[in-house]
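Asks: The file below is final_33.txt, compact mmCIF, C-alpha atoms:
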```txt
# COMPACT_ATOMS: atom_id res chain seq x y z
CA GLU A 3 8.18 -33.35 7.10
CA PHE A 4 11.43 -35.10 6.04
CA ARG A 5 10.90 -34.03 2.42
CA ARG A 6 10.27 -30.47 3.57
CA VAL A 7 13.51 -30.34 5.58
CA LEU A 8 15.42 -31.98 2.71
CA PHE A 9 14.04 -29.41 0.29
CA ARG A 10 15.18 -26.56 2.54
CA SER A 11 18.61 -28.15 2.93
CA LYS A 12 19.11 -28.53 -0.82
CA THR A 13 17.81 -25.01 -1.41
CA ALA A 14 20.27 -23.61 1.14
CA GLN A 15 23.16 -25.55 -0.49
CA LYS A 16 22.25 -24.20 -3.90
CA GLN A 17 22.05 -20.66 -2.56
CA ARG A 18 25.51 -20.99 -1.00
CA ARG A 19 26.95 -22.30 -4.31
CA VAL A 20 25.67 -19.31 -6.29
CA GLY A 21 26.67 -16.80 -3.61
CA TYR A 22 23.07 -16.08 -2.58
CA LYS A 23 22.81 -14.69 0.94
CA LEU A 24 19.74 -15.87 2.82
CA MET A 25 19.00 -13.24 5.43
CA ILE A 26 16.47 -13.37 8.24
CA LEU A 27 13.83 -10.97 6.99
CA SER A 28 12.65 -8.91 4.02
CA ILE A 29 10.23 -6.02 4.61
CA ILE A 30 8.24 -5.00 1.51
CA VAL A 31 7.03 -1.38 1.35
CA PRO A 32 4.79 -0.49 -1.63
CA VAL A 33 4.72 3.29 -2.12
CA TYR A 34 2.53 5.48 -4.28
CA ASN A 35 2.28 9.22 -3.63
CA MET A 36 2.83 9.06 0.13
CA ALA A 37 5.10 12.08 0.60
CA SER A 38 2.49 14.33 2.22
CA GLU A 39 2.37 15.09 5.95
CA GLY A 40 5.71 13.40 6.59
CA LYS A 41 4.09 9.96 6.85
CA LEU A 42 6.50 8.17 4.53
CA ALA A 43 9.58 9.48 6.36
CA PHE A 44 8.02 8.54 9.70
CA CYS A 45 7.28 5.04 8.34
CA LEU A 46 10.85 4.57 7.10
CA ASP A 47 12.26 5.79 10.41
CA SER A 48 10.29 3.07 12.18
CA LEU A 49 11.62 0.45 9.76
CA VAL A 50 15.32 1.28 10.00
CA ASN A 51 15.10 1.27 13.80
CA GLN A 52 13.91 -2.32 14.22
CA THR A 53 15.66 -4.27 16.96
CA ILE A 54 15.96 -7.38 14.77
CA LYS A 55 19.28 -7.85 12.99
CA ASP A 56 20.05 -8.88 9.41
CA TYR A 57 17.10 -7.63 7.41
CA GLU A 58 16.43 -5.74 4.22
CA ILE A 59 13.79 -3.18 3.28
CA ILE A 60 12.55 -3.37 -0.30
CA ALA A 61 10.73 -0.14 -1.16
CA VAL A 62 8.75 -0.35 -4.40
CA ASP A 63 7.84 3.06 -5.78
CA ASP A 64 4.85 2.46 -8.03
CA CYS A 65 5.60 5.45 -10.28
CA SER A 66 4.78 8.15 -7.71
CA THR A 67 4.25 11.67 -9.04
CA ASP A 68 5.04 13.48 -5.78
CA ARG A 69 8.26 13.56 -3.70
CA SER A 70 7.97 9.92 -2.58
CA ASN A 71 10.87 8.73 -4.74
CA GLU A 72 13.08 11.58 -3.49
CA ILE A 73 12.35 10.64 0.13
CA LEU A 74 13.01 6.96 -0.58
CA SER A 75 16.29 7.80 -2.33
CA ASP A 76 17.46 9.93 0.60
CA PHE A 77 16.83 7.06 3.03
CA ALA A 78 18.42 4.49 0.69
CA ASN A 79 21.57 6.62 0.40
CA LYS A 80 21.88 6.68 4.19
CA ASP A 81 21.04 3.02 4.90
CA PHE A 82 22.40 0.16 2.76
CA ARG A 83 19.57 -2.14 3.93
CA ILE A 84 17.05 -0.17 1.86
CA LYS A 85 16.73 -1.43 -1.70
CA LEU A 86 14.77 0.95 -3.92
CA VAL A 87 12.82 -0.29 -6.95
CA ARG A 88 10.82 2.04 -9.16
CA HIS A 89 8.07 1.08 -11.62
CA ASN A 90 8.04 3.05 -14.89
CA ILE A 91 4.25 2.98 -14.94
CA ASN A 92 1.71 2.75 -12.16
CA LYS A 93 0.82 -0.94 -11.84
CA GLY A 94 -1.14 -1.04 -8.59
CA LEU A 95 -0.63 -2.44 -5.10
CA VAL A 96 -0.69 -6.16 -5.99
CA ALA A 97 1.93 -5.72 -8.72
CA ALA A 98 4.13 -3.64 -6.39
CA ARG A 99 4.01 -6.37 -3.76
CA LYS A 100 4.88 -8.99 -6.36
CA THR A 101 7.92 -6.96 -7.38
CA GLY A 102 9.05 -6.80 -3.76
CA VAL A 103 8.44 -10.46 -2.99
CA ASN A 104 10.23 -11.63 -6.14
CA ARG A 105 13.35 -9.66 -5.11
CA ALA A 106 13.26 -10.66 -1.44
CA LYS A 107 16.12 -12.65 0.04
CA GLY A 108 14.77 -13.15 3.55
CA GLU A 109 13.70 -16.39 5.13
CA TYR A 110 10.52 -14.57 6.13
CA VAL A 111 8.70 -11.62 4.56
CA GLY A 112 6.69 -8.82 6.14
CA PHE A 113 4.70 -5.96 4.59
CA VAL A 114 4.36 -2.35 5.70
CA ASP A 115 2.30 0.34 3.98
CA GLY A 116 4.19 3.56 3.44
CA ASP A 117 1.79 5.73 5.44
CA ASP A 118 1.80 3.49 8.55
CA TRP A 119 4.47 2.82 11.19
CA ILE A 120 5.60 -0.04 13.42
CA GLU A 121 7.03 -0.37 16.90
CA PRO A 122 10.79 -1.18 17.20
CA GLU A 123 10.35 -4.74 18.48
CA MET A 124 7.66 -5.84 16.02
CA TYR A 125 9.73 -8.02 13.70
CA ASP A 126 12.01 -9.25 16.47
CA SER A 127 8.92 -10.56 18.24
CA LEU A 128 7.25 -12.05 15.16
CA TYR A 129 10.45 -13.73 13.96
CA ALA A 130 11.10 -15.23 17.40
CA LEU A 131 7.64 -16.82 17.35
CA ALA A 132 8.09 -18.03 13.76
CA THR A 133 11.40 -19.75 14.46
CA GLU A 134 10.44 -21.10 17.88
CA HIS A 135 7.39 -22.88 16.43
CA ASP A 136 8.65 -23.37 12.84
CA ALA A 137 5.51 -21.54 11.71
CA ASP A 138 4.87 -20.68 8.08
CA MET A 139 2.83 -17.65 9.11
CA VAL A 140 2.60 -15.57 12.28
CA SER A 141 -0.48 -13.38 12.65
CA SER A 142 -0.75 -10.52 15.15
CA GLY A 143 -3.08 -7.59 15.78
CA TYR A 144 -2.88 -3.96 14.71
CA ILE A 145 -3.70 -0.56 16.14
CA LEU A 146 -6.11 1.68 14.22
CA GLU A 147 -5.38 5.40 14.54
CA GLY A 148 -7.69 8.09 13.20
CA GLY A 149 -10.51 9.90 14.96
CA TYR A 150 -9.91 7.46 17.81
CA VAL A 151 -7.52 4.63 18.64
CA SER A 152 -8.61 0.99 18.68
CA GLU A 153 -6.88 -2.38 18.71
CA GLU A 154 -7.94 -5.16 16.34
CA TYR A 155 -7.09 -8.84 16.88
CA ASP A 156 -7.84 -12.18 15.25
CA SER A 157 -10.94 -13.70 16.83
CA VAL A 158 -9.35 -17.13 17.24
CA ASP A 159 -7.48 -18.43 20.28
CA GLU A 160 -3.85 -17.42 20.61
CA GLY A 161 -1.41 -20.25 19.96
CA PHE A 162 0.09 -22.64 17.42
CA TYR A 163 -2.01 -24.26 14.70
CA GLY A 164 -0.05 -27.16 13.24
CA SER A 165 -1.21 -30.27 11.41
CA ASP A 166 -3.40 -31.39 14.32
CA ARG A 167 -5.26 -28.04 14.46
CA ARG A 168 -5.11 -26.99 10.83
CA GLN A 169 -8.79 -27.69 10.16
CA GLU A 170 -9.73 -25.67 13.23
CA ILE A 171 -8.02 -22.54 11.90
CA LEU A 172 -9.35 -23.03 8.35
CA ASP A 173 -12.92 -23.29 9.60
CA LYS A 174 -12.52 -19.87 11.27
CA LEU A 175 -10.24 -18.28 8.70
CA ILE A 176 -12.68 -15.89 7.01
CA PHE A 177 -15.27 -15.60 9.78
CA ASN A 178 -15.49 -16.98 13.28
CA MET A 179 -19.18 -17.73 12.94
CA PRO A 180 -20.01 -18.38 16.62
CA HIS A 181 -18.43 -15.01 17.51
CA LYS A 182 -20.00 -13.19 14.55
CA ASP A 183 -16.61 -11.68 13.78
CA LEU A 184 -13.76 -11.88 11.31
CA GLY A 185 -11.54 -14.89 11.93
CA ILE A 186 -7.98 -14.05 10.85
CA ARG A 187 -7.73 -10.33 10.08
CA GLY A 188 -7.09 -9.83 6.38
CA SER A 189 -4.24 -7.34 6.56
CA LEU A 190 -0.84 -8.59 5.36
CA CYS A 191 0.90 -5.90 7.37
CA CYS A 192 0.54 -7.45 10.82
CA LYS A 193 1.89 -10.83 9.72
CA LEU A 194 5.08 -12.68 8.86
CA PHE A 195 5.23 -15.17 5.98
CA ARG A 196 7.72 -17.86 5.02
CA ARG A 197 9.13 -16.55 1.75
CA GLU A 198 9.47 -19.87 -0.08
CA LEU A 199 5.67 -20.30 0.11
CA LEU A 200 4.74 -16.63 -0.29
CA VAL A 201 6.45 -16.18 -3.66
CA ASP A 202 4.06 -18.58 -5.39
CA VAL A 203 0.99 -17.38 -3.46
CA GLN A 204 1.60 -13.66 -4.04
CA ASN A 205 2.22 -14.18 -7.75
CA ARG A 206 -1.12 -15.99 -8.05
CA ILE A 207 -3.15 -12.95 -6.89
CA PRO A 208 -4.47 -11.21 -10.05
CA ASP A 209 -3.21 -7.65 -10.51
CA GLU A 210 -6.75 -6.49 -11.26
CA ILE A 211 -7.86 -7.23 -7.70
CA THR A 212 -7.77 -3.81 -6.06
CA TYR A 213 -10.11 -4.53 -3.16
CA SER A 214 -9.61 -7.20 -0.47
CA GLU A 215 -6.28 -8.10 -2.07
CA ASP A 216 -4.77 -8.64 1.38
CA LYS A 217 -7.56 -11.00 2.39
CA MET A 218 -7.20 -13.05 -0.78
CA CYS A 219 -3.46 -13.47 -0.23
CA VAL A 220 -3.89 -14.49 3.43
CA LEU A 221 -6.62 -16.97 2.49
CA THR A 222 -4.55 -18.53 -0.30
CA PHE A 223 -1.44 -18.73 1.88
CA ALA A 224 -3.38 -20.42 4.69
CA LEU A 225 -4.63 -23.05 2.24
CA GLU A 226 -1.06 -23.77 1.12
CA CYS A 227 0.86 -23.55 4.38
CA ARG A 228 1.21 -26.17 7.11
CA SER A 229 1.29 -24.08 10.27
CA ILE A 230 0.13 -20.74 11.66
CA TYR A 231 0.89 -19.05 14.96
CA VAL A 232 -1.61 -16.49 16.28
CA VAL A 233 -0.44 -13.94 18.86
CA ARG A 234 -2.73 -11.49 20.61
CA LYS A 235 -0.40 -8.51 20.58
CA ALA A 236 -0.21 -5.46 18.33
CA TRP A 237 2.86 -3.59 17.10
CA TYR A 238 1.56 -2.27 13.78
CA HIS A 239 -0.03 1.21 13.66
CA TYR A 240 -2.51 1.55 10.82
CA MET A 241 -3.20 5.21 10.06
CA ILE A 242 -6.76 5.70 8.82
CA ASN A 243 -6.76 7.71 5.60
CA SER A 244 -10.21 9.12 4.87
CA SER A 245 -9.27 9.79 1.24
CA SER A 246 -8.00 6.27 0.50
CA MET A 247 -9.63 3.88 -1.97
CA THR A 248 -11.42 1.98 0.79
CA HIS A 249 -13.18 5.10 2.05
CA GLU A 250 -14.07 7.21 -0.98
CA ALA A 251 -17.07 6.65 -3.23
CA ASN A 252 -16.33 4.54 -6.31
CA VAL A 253 -18.79 3.80 -9.09
CA ASP A 254 -16.62 0.81 -10.07
CA TYR A 255 -16.98 -0.78 -6.63
CA LEU A 256 -19.25 -3.62 -7.82
CA ASP A 257 -16.71 -4.53 -10.51
CA LYS A 258 -14.04 -4.71 -7.80
CA VAL A 259 -16.20 -7.01 -5.67
CA ASN A 260 -16.87 -9.19 -8.71
CA ALA A 261 -13.10 -9.61 -9.24
CA VAL A 262 -12.81 -10.83 -5.64
CA TYR A 263 -15.73 -13.21 -6.12
CA ARG A 264 -14.22 -14.69 -9.29
CA TYR A 265 -10.96 -15.31 -7.48
CA LEU A 266 -12.71 -16.96 -4.54
CA ILE A 267 -14.52 -19.27 -6.94
CA SER A 268 -11.14 -20.32 -8.35
CA LEU A 269 -10.16 -21.53 -4.86
CA TYR A 270 -13.23 -23.74 -4.38
CA PRO A 271 -11.66 -26.82 -6.06
CA ASN A 272 -8.83 -26.81 -3.50
CA PRO A 273 -9.40 -29.99 -1.40
CA ASP A 274 -8.81 -28.00 1.79
CA PHE A 275 -11.43 -25.40 0.87
CA THR A 276 -14.27 -26.92 2.87
CA GLU A 277 -18.01 -26.37 2.57
CA SER A 278 -17.81 -24.27 5.73
CA MET A 279 -15.21 -22.04 4.09
CA ARG A 280 -17.40 -21.68 1.00
CA VAL A 281 -20.30 -20.48 3.15
CA GLN A 282 -17.96 -17.99 4.82
CA ALA A 283 -16.64 -16.83 1.43
CA GLU A 284 -20.17 -16.20 0.18
CA LEU A 285 -21.02 -14.39 3.39
CA TYR A 286 -17.89 -12.28 2.92
CA ILE A 287 -19.07 -11.25 -0.56
CA THR A 288 -22.48 -10.43 0.94
CA GLN A 289 -20.73 -8.23 3.50
CA LEU A 290 -18.81 -6.41 0.75
CA LEU A 291 -22.01 -5.80 -1.21
CA ILE A 292 -23.84 -4.40 1.82
CA LYS A 293 -20.81 -2.29 2.71
CA GLY A 294 -20.80 -0.88 -0.80
CA ILE A 295 -24.51 -0.03 -0.69
CA ASN A 296 -24.05 1.65 2.67
CA ASN A 297 -20.96 3.72 2.02
CA LEU A 298 -18.75 2.97 -0.96
CA ILE A 299 -20.76 3.03 -4.19
CA GLY A 300 -21.54 6.73 -3.84
CA PHE A 301 -25.23 6.77 -2.98
CA SER A 302 -26.37 10.10 -1.54
CA VAL A 303 -28.13 8.38 1.37
CA LYS A 304 -25.75 6.44 3.61
CA ASN A 305 -26.40 3.29 5.66
CA LEU A 306 -29.39 2.12 3.62
CA MET A 307 -28.82 -1.45 4.84
CA TRP A 308 -27.40 -0.96 8.29
CA ILE A 309 -29.58 0.55 11.00
CA GLY A 310 -33.05 -0.77 11.84
CA THR A 311 -35.63 0.80 14.15
CA GLU A 312 -35.37 -1.80 16.93
CA TRP A 313 -33.41 0.56 19.18
CA MET A 314 -36.23 3.08 19.18
CA HIS A 315 -38.64 0.57 20.74
CA LYS A 316 -36.33 0.21 23.74
CA ILE A 317 -37.04 3.84 24.72
CA PRO A 318 -40.42 4.82 26.25
CA GLY A 319 -42.75 6.35 23.66
CA GLY A 320 -42.90 10.14 23.53
CA SER A 321 -39.47 10.53 25.18
CA ARG A 322 -37.31 13.51 24.29
CA VAL A 323 -34.01 12.14 22.97
CA LEU A 324 -30.75 14.08 22.86
CA LEU A 325 -28.29 12.54 20.42
CA TYR A 326 -24.61 12.66 21.36
CA GLY A 327 -22.25 12.17 18.43
CA GLU A 328 -21.48 13.05 14.83
CA GLY A 329 -21.03 11.28 11.53
CA GLU A 330 -23.29 8.97 9.53
CA LEU A 331 -24.63 6.94 12.46
CA CYS A 332 -25.75 10.08 14.25
CA LYS A 333 -27.39 11.38 11.05
CA THR A 334 -29.22 8.08 10.62
CA TYR A 335 -30.55 8.19 14.19
CA GLU A 336 -31.65 11.79 13.65
CA ARG A 337 -33.43 10.91 10.42
CA LEU A 338 -35.23 7.95 12.01
CA ILE A 339 -36.49 10.04 14.94
CA ASN A 340 -37.70 12.86 12.70
CA ARG A 341 -39.65 10.46 10.47
CA ASN A 342 -41.15 8.40 13.27
CA ASN A 343 -43.82 9.54 15.71
CA LYS A 344 -42.52 7.38 18.55
CA LEU A 345 -39.80 9.71 19.88
CA VAL A 346 -39.04 13.43 19.96
CA LEU A 347 -35.64 14.80 18.91
CA ALA A 348 -34.41 17.16 21.62
CA GLY A 349 -31.21 18.05 19.76
CA VAL A 350 -27.74 16.89 18.73
CA VAL A 351 -24.50 17.57 20.62
CA SER A 352 -20.89 16.49 20.26
CA SER A 353 -19.63 17.69 23.65
CA ALA A 354 -20.69 17.11 27.25
CA ALA A 355 -20.44 20.87 27.80
CA ASP A 356 -23.40 21.43 25.45
CA VAL A 357 -25.78 18.95 27.09
CA GLY A 358 -27.04 21.45 29.68
CA SER A 359 -28.54 23.64 26.94
CA PHE A 360 -31.25 21.07 26.13
CA ASP A 361 -34.31 19.60 27.82
CA TYR A 362 -34.33 15.83 27.37
CA ASP A 363 -35.39 12.55 28.93
CA TYR A 364 -32.55 10.41 27.54
CA ILE A 365 -29.15 10.90 25.95
CA VAL A 366 -28.34 8.39 23.20
CA ILE A 367 -24.64 8.02 22.40
CA THR A 368 -24.22 7.42 18.66
CA TYR A 369 -20.75 5.90 18.38
CA LYS A 370 -19.96 2.28 17.49
CA TYR A 371 -16.58 1.93 19.17
CA VAL A 372 -17.12 0.74 22.76
CA PRO A 373 -14.06 2.40 24.42
CA LYS A 374 -15.17 5.73 22.91
CA VAL A 375 -18.67 5.17 24.26
CA ASP A 376 -17.30 4.35 27.72
CA GLU A 377 -15.21 7.52 27.66
CA ILE A 378 -18.23 9.68 26.79
CA LYS A 379 -20.44 8.00 29.37
CA LYS A 380 -17.84 8.56 32.10
CA GLU A 381 -17.65 12.23 31.15
CA LEU A 382 -21.44 12.59 31.24
CA LEU A 383 -21.69 10.87 34.63
CA GLN A 384 -19.11 13.26 36.02
CA THR A 385 -21.39 16.18 35.12
CA GLY A 386 -24.11 14.72 37.33
CA ILE A 387 -26.28 13.03 34.71
CA LEU A 388 -27.95 9.87 36.01
CA ASP A 389 -26.74 6.58 34.57
CA GLU A 390 -30.25 5.43 33.61
CA ARG A 391 -30.66 8.47 31.36
CA ILE A 392 -27.61 7.58 29.25
CA LEU A 393 -28.28 4.99 26.53
CA TRP A 394 -26.23 3.23 23.86
CA PHE A 395 -27.26 0.57 21.38
CA GLU A 396 -24.92 -1.88 19.71
CA GLN A 397 -25.32 -1.77 15.93
CA LYS A 398 -24.07 -5.01 14.39
CA GLU A 399 -23.72 -5.14 10.63
CA ILE A 400 -27.04 -6.24 9.20
CA PHE A 401 -25.59 -9.15 7.24
CA TRP A 402 -25.16 -11.01 10.54
CA ASN A 403 -28.95 -10.92 10.88
CA PHE A 404 -29.20 -12.61 7.49
CA ALA A 405 -26.61 -15.21 8.50
CA GLU A 406 -28.40 -15.94 11.77
CA SER A 407 -31.77 -16.23 10.03
CA ALA A 408 -30.26 -18.73 7.61
CA GLY A 409 -28.99 -20.84 10.54
CA LEU A 410 -25.33 -20.16 9.75
CA CYS A 411 -24.39 -18.91 13.21
```
Would you mind writing the file's structure down as structure tokens?
Replies:
Amino acid sequence: EFRRVLFRSKTAQKQRRVGYKLMILSIIVPVYNMASEGKLAFCLDSLVNQTIKDYEIIAVDDCSTDRSNEILSDFANKDFRIKLVRHNINKGLVAARKTGVNRAKGEYVGFVDGDDWIEPEMYDSLYALATEHDADMVSSGYILEGGYVSEEYDSVDEGFYGSDRRQEILDKLIFNMPHKDLGIRGSLCCKLFRRELLVDVQNRIPDEITYSEDKMCVLTFALECRSIYVVRKAWYHYMINSSSMTHEANVDYLDKVNAVYRYLISLYPNPDFTESMRVQAELYITQLLIKGINNLIGFSVKNLMWIGTEWMHKIPGGSRVLLYGEGELCKTYERLINRNNKLVLAGVVSSAADVGSFDYDYIVITYKYVPKVDEIKKELLQTGILDERILWFEQKEIFWNFAESAGLC
């Protein structure tokens, strides 16, 4: 600890000698063709209105071909805190983040995607926790906004993980196995990182990694840092983009997963990368492979390795089932009923107002997100439908069945 403080002191003295100003915070914003729908302007508005003082915004335009650079230039001309960097060729997200981190002057660094937005007190709150606990990383939750709104949090206890609890956080970093859930969420954008450590870590992430790049950076940083603070609050609003890389079909998906796997293997020799972490890493790759088969490779049939038939056996044979929902899960339920003699499909609806048009024994709600399910059930109950006629079945990702069968959780 003495050497660490001495290093910081000498670094600060050197920076003062060369006229280098160490500010509180640098916010890195990688941008590539984000001008549509006013999202980039809305994002920048949220950044310039942070309650924290003394910070810079480094916007890296990765050779956008739309009006993104024009929007960034307009904001930079109005606010001296915005530093605009433009790549001459499109290099990808990892390279854009490296450019930003290498130019950062803040004690801590945060990341924001150009089509998301943050609440005014986000960085004030994260920085206060970082300095109060001398934490190398602060991890918070985020709010997903798309067809519905949900909040996502790390599945580890809130609090400070220093030298005495470091192994505890590492053993739950990728997955919290007892909870069958992700441990520390992979997104960089709901976190704060000490810059002096992040520079080396970010520059180690290969540019060719274009999937799970956030997760790889968080994992590497956790292996190198000495302390993490986890807070169960969310200030970051992640806007779901159905046309983004993580949602559209990609025939190169398996190559992308292989790049992640090769990088994970390179971390295995790290003395802090325990056998438990290796099991989690391999399970993570398994999850990516199943996810690709289900949705991302481009197969015409979705969810080939997701939904089993167990739910059907929880309904009395011969029952008329009315499906409430839409999307791939609903289609899978419909397909299973039509190809199985156990149940009868009464119909499919997406509104409580349409339920009265069908004769049925049970309504099966086909959404995964629990608050959405609760909302629909409440609406159905208000129309006079009996509670025992409304059913919902939790659909855990199938790879957890494999993990449980192997005695991993």
Asks: Find the distance between CA of Arg391 in chain A and CA of Leu324 in chain A and write it in Å to one decimal.
Replies: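 Distance between the two atoms: 10.2 Å.
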Asks: Just want the 12 Å neighbourhood of Arg337 in chain A, counted on all atoms listed in the file, with same-chain residues fewer than 3 positions away dropped. Output as a list in words.
Replies: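 Listing them by chain and then by number gives Val303, Lys304, Asn305, Leu306, Ile309, Gly310, Thr311, Leu325, Glu330, Leu331, Cys332, Lys333, Thr334, Asn340, Arg341, Asn342, Asn343, Leu345, Val346, Leu347, Gly349 and Val350 of chain A.
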Asks: Separation of CA of Asn297 in chain A and CA of Pro180 in chain A, in Å?
Replies: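 Going from CA of Asn297 in chain A over to CA of Pro180 in chain A, I get 26.5 Å.
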Asks: To one decimal in Å, tell me the separation between CA of Leu285 in chain A and CA of Lys316 in chain A.
Replies: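 Separating CA of Leu285 in chain A from CA of Lys316 in chain A is a distance of 29.4 Å.
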Asks: When distances are computed from all atoms listed in the file, which of A:Pro208, A:Pro122, A:Gly294, A:Gly143 shows the smallest separation from Lys100 in chain A?
Replies: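 Going through A:Pro208, A:Pro122, A:Gly294, A:Gly143 one by one, the smallest distance to Lys100 in chain A is for A:Pro208.
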